[in-house]
Amino acid sequence: MLISGSKSAMAAIDFRSLMIFSAILRVLLIFYGEWQDTHMEVRYTDVDYLVFSDAASLMASGKSPYQRSTYRYSPLLAFLLVPNSIIHRSWGKFLFSATDLLIGLFIRTILKLRGVPESLCNYPVLVWLLNPFTFTIGTRGNCEPIVCAMVLWIIICLMTGNMIQAALWYGLVVHFRIYPVIYAIPIILVLDPTVFKHSQKPALQKWTSSMTKSFESSASLCSLFHALTNLFTKERILFGLISGAVFFFCTGLCFWLYRWEFLHEALLYHLTRTDPRHNFSLYFYHIYLHYEHEFSVVEKLISFVPQLVVQLVLIIRFAQDLPFCFLVQTVAFVAFNKVMTAQYFVWFFCLLPIILPWTNMRLRWEGISCVLFWIGAQSHWLMWGYMLEFKGRNVFLQLWLAGILFLAANTFALVMIIYRHRYSPMFEHLRSSNSKNARKLQ
Amino acid sequence: MMEAQPGRLICMKFLFMGCLIFFLGGRSFSASGEVNVYVKTKDSNTSTFSYSAKYLFGSYSGRYDSMLDSDFQDFKFKLLTSSCKVLQNDVELQPRLAILQRSLIGEGSHRRLVSSIRYSGQASSIPELPAYLCRLIVVERLPFGVFADPFELQNLVHHKVFTEAAVFGDTNLELPSFLSNRTVVEIHMDLGCNSSGHVEGLEINIVLPLHARYPPLEDGGYSTVKLNEPDIFMNYKTEQKPHNWVCLLTPTIESDKGKTDVLVWNVPCGIKAHTGLVTMVTFVSALLSTLFIVLTSFYGSNAEVTKDLKES
């Protein structure tokens with residue numbers, strides 16, 4: 001007991017040190033960013049941060065944030081950054097970096113709730129907090145950590161049986177950034193009447209080191225069939241109504257305040273966006289080559305089919321293992337999206353740590369090969385992107401091929417993650433626990 | 001500029017204060033901050049800075065719908081004839097200006113247009129022109145396919161590279177050139193002629209950052225954008241009327257080599273011949289990738305379980 005207690009204390013201290021170190025690192029980076037912005041030609045601050053700040057200062061003076069062209073977010077973001085023009089221009093960076101740290105805390109909370117031992121909890125947190133990509137995202141002033149924190153908080157709320165709060169946050173996060181709408185079906189599926197009982201916390205399935213969980217194809221199909229036949233349960237209807245109400249309330253309020261500007265810039269733009277300019281998406285050159293004429297309905301459908309099929313299959317197979325389902329859905333969504341920029345990667349970087357204790361992937365070969373292939377394909381794309389954008393060379397074909405290679409890298413990583421994952425439903429289902437008890441009695 | 005709606009403002013302030021009290025736990029704070037704001041005029045799709053400059057092109061966009069060269073020449077003629085009438089016919093008295101060099105620096109989609117201008121004029125020697133401050137105004141009418149970023153120019157004004165700067169026309173920075181309109185940039189630079197009352201042989205370098213839009217498809221792989229010479233004006237200010245620019249002139253333009261060369265910018269563009277191949281390979285890749293993910297989802301994990309069971 002004493003040994004395990006001291007081990008736990010050690011791990012807790014380690015976590016605290018990790019958080020303090022991460023906080024100091026972020027503060028230093030924010031100060032460094034200020035210095036670089038003033039003294040060097042190339043800014044450290046993300047160009048989007050300047051857009052948010054301009055929009056926030058417009059809002060502070062009672063004007064529409066959409067008077068700032070290229071501001072394409074919810075007015076809530078500009079509202080959060082109003083102190084940029086009252087307190088200090090770096091307010092938003094501190095806010096985003098604090099959220100970044102909060103994500104570290106949420107990752108640990110999720111892992112502990114799922115019974116991951118203290119000694120194993122810190123590594124996934126470390127993967128998030130000390131990832132150079134993530135700590136630069138927040139300190140450069142990118143707003144994505146806020147979205148990630150909300151998504152993780154929704155998972156925590158569901159795990160602790162706080163369905164109403166989960167619904168409130170879900171409605172808000174879909175309003176704030178539309179992409180979490182892809183999580184709607186798995187959340188609905190996981191709100192199983194055999195899991196969520198009146199005034200009872202759902203029973204969480206605990207992590208074990210040698211989990212050879214039975215995972216039959218028919219199991220998830222059966223549970224899907226079961227879910228569909230029992231779709232209209234109280235919990236599911238309540239979740240849908242609350243999250244829908246929050247979404248429509250926020251959207252309605254913003255529409256009342258900023259009218260069509262808001263609807264066009266913050267909502268319709270993202271839903272209909274097809275960018276002909278070069279980006280990581282494999283579709284960019286195809287879109288550019290067809291941009292002079294309207295896409296036919298068939299063409300639009302064809303490009304939508306892979307996204308739809310993959311999302312549906314991943315939901316059918318992994319919905320009950322909710323954090324894993326969120327991760328694979330997000331990776332696939334980003335990989336097949338018509339527009340893909342580097343900031344989208346943070347959407348799945350925040351989910352990766354919460355599935356790490358369930359992976360059988362060997363770090364030395366499989367893990368490293370995944371990471372190297374992914375980074376290599378991205379760097380290869382960036383090289384051609386540089387040739388096109390900064391050297392003025394016509395390398396559209398090479399850049400598009402590099403985009404396909406990057407899709408292959410994303411697919412490889414996704415396939416490896418699925419292949420080496422130990423499927424573990426988040427909740428203990430009532431029937432299975434009943435049958436277990438029955439077996440014990442026998 | 002849109003008027004602030006009082007109701008909305010109060011609502012936002014109230015909400016913000018509520019949240020601030022919540023987050024800061026009622027602690028008091030003092031704050032100060034500088035606000036630099038762009039304004040996108042709703043009706044005319046025209047962007048100007050909120051600085052109090054009076055732009056020449058501002059009045060043009062109010063009178064003309066198009067950006068045709070003939071319209072601009074007409075506008076320029078009317079503008080000049082309504083100002084400095086006394087000097088219009090006296091070429092000798094007018095200030096002289098030479099465009100020494102024009103060049104594009106950079107190789108890619110983001111370049112700098114450098115214009116080297118030599119100005120010589122003796123404003124104080126003209127009794128009819130009691131000037132103490134001269135302002136050089138450069139109007140660059142950019143061709144299709146090239147734009148200037150108003151936010152970048154704001155930064156340059158902030159760093160006092162330009163006295164004033166504005167972008168008119170199509171300020172949507174993301175549209176490809178076949179869906180966008182022309183852009184006009186107006187730059188104001190104060191010249192230090194107030195101390196001696198005249199400027200002799202002053203050389204001014206204007207560096208304007210420009211960006212290429214995505215051009216229409218062409219078989220050659222490059223789209224050519226030609227940049228013509230800018231229109232240049234001189235504006236004079238009297239001491240007695242500090243807020244009035246009293247006299248606008250087009251300086252007599254003289255060039256060492258006659259007219260400077262038209263600058264050519266070759267922008268890489270999509271090649272129409274790629275269309276079939278790109279469409280086919282894009283969708284085949286997407287479908288193959290989909291297939292791999294679907295197959296792994298259904299069968300990959302089972303294989304893993306079987307292996308584990310065998311090992312155990």
# chains A, B, ... in the order shown; residues from 1 in each chain; ligands from 1
>>> interface_residues(of="chain A", to="chain B", cutoff="7 Å", atoms="only C-alpha atoms", output="number ranges by chain")
A: 54, 57-58, 62-63, 67-68, 85-88, 212, 215-217, 257, 277, 282-283, 286, 289, 306, 310, 313-314, 317, 388-394, 396, 411, 415, 418-420
>>> residues_around(residues="A:Thr330", least_positions_apart="6", cutoff="12 Å", atoms="only C-alpha atoms", output="PyMOL selection string")
chain A and resi 148+151+179-183+307+310-311+314-315+323-324+336-337+344-352+410+414
>>> write_last_selection(atoms="C-alpha atoms", output="PDB file, in the first residue's frame")
ATOM      1  CA  CYS A 148     -10.157  20.456 -28.423  1.00  0.00           C
ATOM      2  CA  VAL A 151     -14.426  17.975 -27.118  1.00  0.00           C
ATOM      3  CA  TYR A 179     -16.580  19.895 -37.602  1.00  0.00           C
ATOM      4  CA  PRO A 180     -17.514  18.233 -34.240  1.00  0.00           C
ATOM      5  CA  VAL A 181     -20.899  17.540 -35.850  1.00  0.00           C
ATOM      6  CA  ILE A 182     -19.249  14.291 -37.046  1.00  0.00           C
ATOM      7  CA  TYR A 183     -19.350  13.087 -33.414  1.00  0.00           C
ATOM      8  CA  GLN A 307     -15.793  10.822 -46.719  1.00  0.00           C
ATOM      9  CA  VAL A 310     -15.400   6.038 -44.126  1.00  0.00           C
ATOM     10  CA  GLN A 311     -17.252   8.016 -41.461  1.00  0.00           C
ATOM     11  CA  LEU A 314     -15.816   3.928 -38.443  1.00  0.00           C
ATOM     12  CA  ILE A 315     -18.946   4.833 -36.493  1.00  0.00           C
ATOM     13  CA  PRO A 323     -12.542   8.210 -27.605  1.00  0.00           C
ATOM     14  CA  PHE A 324     -11.056   5.889 -30.220  1.00  0.00           C
ATOM     15  CA  PHE A 336     -10.667  13.311 -46.961  1.00  0.00           C
ATOM     16  CA  ASN A 337     -11.642  16.933 -46.494  1.00  0.00           C
ATOM     17  CA  TYR A 344      -6.615  20.855 -38.571  1.00  0.00           C
ATOM     18  CA  PHE A 345      -4.044  18.334 -37.328  1.00  0.00           C
ATOM     19  CA  VAL A 346      -4.459  19.592 -33.787  1.00  0.00           C
ATOM     20  CA  TRP A 347      -8.044  18.268 -33.891  1.00  0.00           C
ATOM     21  CA  PHE A 348      -6.724  14.710 -33.731  1.00  0.00           C
ATOM     22  CA  PHE A 349      -3.476  15.396 -31.859  1.00  0.00           C
ATOM     23  CA  CYS A 350      -5.569  16.085 -28.745  1.00  0.00           C
ATOM     24  CA  LEU A 351      -7.366  12.727 -29.110  1.00  0.00           C
ATOM     25  CA  LEU A 352      -4.288  10.619 -29.776  1.00  0.00           C
ATOM     26  CA  ASN A 410      -2.640   9.412 -43.389  1.00  0.00           C
ATOM     27  CA  LEU A 414      -4.979   5.292 -39.635  1.00  0.00           C
TER      28      LEU A 414
END
>>> residues_around(residues="A:Leu77", least_positions_apart="2", cutoff="10 Å", atoms="only C-alpha atoms", output="number ranges by chain")
A: 52-53, 55-56, 65, 73-75, 79-82, 92, 143, 146, 176
>>> write_last_selection(atoms="C-alpha atoms", output="PDB file, in the first residue's frame")
ATOM      1  CA  PHE A  52      -9.213  37.548 -34.470  1.00  0.00           C
ATOM      2  CA  SER A  53      -7.704  40.569 -32.719  1.00  0.00           C
ATOM      3  CA  ALA A  55     -12.426  41.389 -35.158  1.00  0.00           C
ATOM      4  CA  ALA A  56     -12.344  41.611 -31.362  1.00  0.00           C
ATOM      5  CA  PRO A  65     -16.469  41.522 -36.263  1.00  0.00           C
ATOM      6  CA  TYR A  73     -15.504  32.271 -37.019  1.00  0.00           C
ATOM      7  CA  SER A  74     -18.264  32.532 -34.473  1.00  0.00           C
ATOM      8  CA  PRO A  75     -18.577  35.981 -32.866  1.00  0.00           C
ATOM      9  CA  PHE A  79     -15.890  38.132 -27.833  1.00  0.00           C
ATOM     10  CA  LEU A  80     -13.367  35.991 -25.954  1.00  0.00           C
ATOM     11  CA  LEU A  81     -10.577  38.149 -27.382  1.00  0.00           C
ATOM     12  CA  VAL A  82     -12.095  41.539 -26.534  1.00  0.00           C
ATOM     13  CA  GLY A  92      -5.672  35.542 -26.539  1.00  0.00           C
ATOM     14  CA  CYS A 143      -7.886  29.078 -31.387  1.00  0.00           C
ATOM     15  CA  ILE A 146     -10.457  25.794 -27.191  1.00  0.00           C
ATOM     16  CA  PHE A 176     -18.154  27.373 -32.413  1.00  0.00           C
TER      17      PHE A 176
END
>>> atom_distance(atom1="atom CA of A:Ala167", atom2="atom CA of A:Tyr269")
25.2 Å
>>> atom_distance(atom1="atom CA of A:Pro353", atom2="atom CA of A:Leu204")
18.5 Å
>>> closest_residue(among="A:Lys338, A:Arg114, A:Arg364, A:Lys93", to="A:Pro202", atoms="only C-alpha atoms")
A:Arg114
>>> atom_distance(atom1="atom CA of B:Pro143", atom2="atom CA of B:Leu227")
6.6 Å
>>> residues_around(residues="stretch 110-112 of chain A", least_positions_apart="6", cutoff="10 Å", atoms="only C-alpha atoms", output="list in words")
Glu118, Leu120, Cys121, Asn122, Pro124, Val125, Leu152, Trp153, Ile155, Ile156, Cys157, Met159, Thr160, Lys206, Trp207, Pro323, Pro353, Ile354, Ile355, Leu356 and Pro357 of chain A
>>> select_by_dssp(residues="stretch 167-351 of chain A", states="alpha helix (DSSP H)", output="ChimeraX atom specification")
/A:167-176,184-190,217-229,234-262,269-272,284-289,297-318,322-335,345-349
>>> residues_around(residues="A:Tyr170", least_positions_apart="5", cutoff="9 Å", atoms="only C-alpha atoms", output="list in words")
Met150, Val151, Ile154, Gln165, His175, Pro180, Val181, Ala184, Ser243, Gly244, Val246 and Phe247 of chain A
>>> write_last_selection(atoms="C-alpha atoms", output="short mmCIF file (atom, residue, chain, number, x, y, z; two decimals), in the first residue's frame")
data_model
loop_
_atom_site.label_atom_id
_atom_site.label_comp_id
_atom_site.auth_asym_id
_atom_site.auth_seq_id
_atom_site.Cartn_x
_atom_site.Cartn_y
_atom_site.Cartn_z
CA MET A 150 -14.47 21.34 -25.28
CA VAL A 151 -14.43 17.97 -27.12
CA ILE A 154 -17.73 16.38 -23.49
CA GLN A 165 -23.77 19.12 -19.45
CA HIS A 175 -21.73 26.28 -33.11
CA PRO A 180 -17.51 18.23 -34.24
CA VAL A 181 -20.90 17.54 -35.85
CA ALA A 184 -23.15 13.34 -33.20
CA SER A 243 -27.59 20.23 -27.84
CA GLY A 244 -29.86 21.31 -30.73
CA VAL A 246 -27.96 25.37 -27.55
CA PHE A 247 -26.73 25.27 -31.13
#
>>> closest_residue(among="A:Met416, A:Ala332, A:Pro425, A:His290", to="A:Cys370", atoms="only C-alpha atoms")
A:Met416
>>> residues_around(residues="B:Cys134", least_positions_apart="5", cutoff="6 Å", atoms="only C-alpha atoms", output="PyMOL selection string")
chain B and resi 191+235-236
>>> closest_residue(among="B:Ile117, B:Val139, B:Leu210, B:Leu68", to="B:Pro230", atoms="only C-alpha atoms")
B:Val139
>>> closest_residue(among="B:Ile105, B:Leu202, B:Phe168, B:Pro209", to="B:Arg141", atoms="only C-alpha atoms")
B:Phe168
